[in-house]
Amino acid sequence: MNETLTIIVADDNACMSDFINHIIENDNRFEFIGSAKDEKDEIELINTLKPSIVITDLKKGNRWTGIDIIKEIQDNNDEVPIFFVISASTYSYYEKLRELKVKYFLNKPFNKEQVQDVLDRIYNDVFPKQIIELEENKQIRTNENNFFNKLRRVLKNRIGH
């Protein structure tokens, strides 16, 4: 099974996008598949390329925010990618991010290690190392959510849907 996650980076700051792209390209668990500079490109890329992860900035100019993008995608797609949000003011959006079930974010400024840490967390949540455990009393315990999500991905990949 291919355990590579595809990523789109959407930030209007070219330096920030390049910085994140460099981190992604040096990690074989992830594949960079596109970048967007504005909300129209971002929505179109997400709908067309169906990435596993979207790294997006909350500030998108005067009309749209990252929150608007997330709502738009969640409202209009069955399979919603994981959103990893970056912003200078994530804390002011925290409640809204929680409502939208966004659990990965970083405040600017950040460094390579912090980005890598969030990507590691995402990868380990999607592809847990251990989904079945043998307890002391020899009972088998599963992390049901991770187990069934992984099983669904395996089946989906095998049948091509």
# chains A, B, ... in the order shown; residues from 1 in each chain; ligands from 1
>>> closest_atom_pairs(of="region 22-66 of chain A", to="region 8-18 of chain A", cutoff="8 Å", atoms="only C-alpha atoms", output="CSV")
residue,atom,partner,partner_atom,distance
A:His22,CA,A:Asp18,CA,6.1
A:Phe32,CA,A:Ile8,CA,6.2
A:Ile33,CA,A:Ile8,CA,5.8
A:Gly34,CA,A:Ile8,CA,4.9
A:Ser35,CA,A:Val9,CA,4.7
A:Ala36,CA,A:Ala10,CA,4.6
A:Lys37,CA,A:Asp12,CA,4.5
A:Asp38,CA,A:Asp12,CA,6.4
A:Glu42,CA,A:Ala10,CA,6.3
A:Leu45,CA,A:Ile8,CA,7.8
A:Ile46,CA,A:Ile8,CA,7.6
A:Pro51,CA,A:Ile8,CA,6.4
A:Ile53,CA,A:Ile8,CA,6.5
A:Val54,CA,A:Ile8,CA,5.0
A:Ile55,CA,A:Val9,CA,4.8
A:Thr56,CA,A:Ala10,CA,4.7
A:Asp57,CA,A:Asp11,CA,5.4
A:Lys60,CA,A:Asp12,CA,7.1
>>> residues_around(residues="Glu39 (chain A)", least_positions_apart="4", cutoff="9 Å", atoms="only C-alpha atoms", output="MDAnalysis selection string")
chainID A and resid 10 43:44 60 64:66 68:69
>>> select_by_dssp(residues="region 18-78 of chain A", states="helix (DSSP H, G or I)", output="ChimeraX atom specification")
/A:18-25,39-49,66-76
>>> closest_residue(among="A:Phe105, A:Asn28, A:Asn76, A:Pro81", to="Leu58 (chain A)", atoms="only C-alpha atoms")
A:Phe105
>>> atom_distance(atom1="CA of Gln114 (chain A)", atom2="CA of Ile20 (chain A)")
10.9 Å
>>> residues_around(residues="Glu99 (chain A)", least_positions_apart="5", cutoff="12 Å", atoms="only C-alpha atoms", output="ChimeraX atom specification")
/A:67,70-71,74,93-94
>>> atom_distance(atom1="CA of Arg29 (chain A)", atom2="CA of Val115 (chain A)")
14.1 Å
>>> select_by_dssp(residues="region 39-108 of chain A", states="strand (DSSP E)", output="list of chain:residue names")
A:Ile53, A:Val54, A:Ile55, A:Thr56, A:Asp57, A:Ile82, A:Phe83, A:Phe84, A:Val85, A:Ile86, A:Ser87, A:Tyr104, A:Phe105, A:Leu106, A:Asn107
>>> atom_distance(atom1="CA of Val126 (chain A)", atom2="CA of Leu49 (chain A)")
18.8 Å
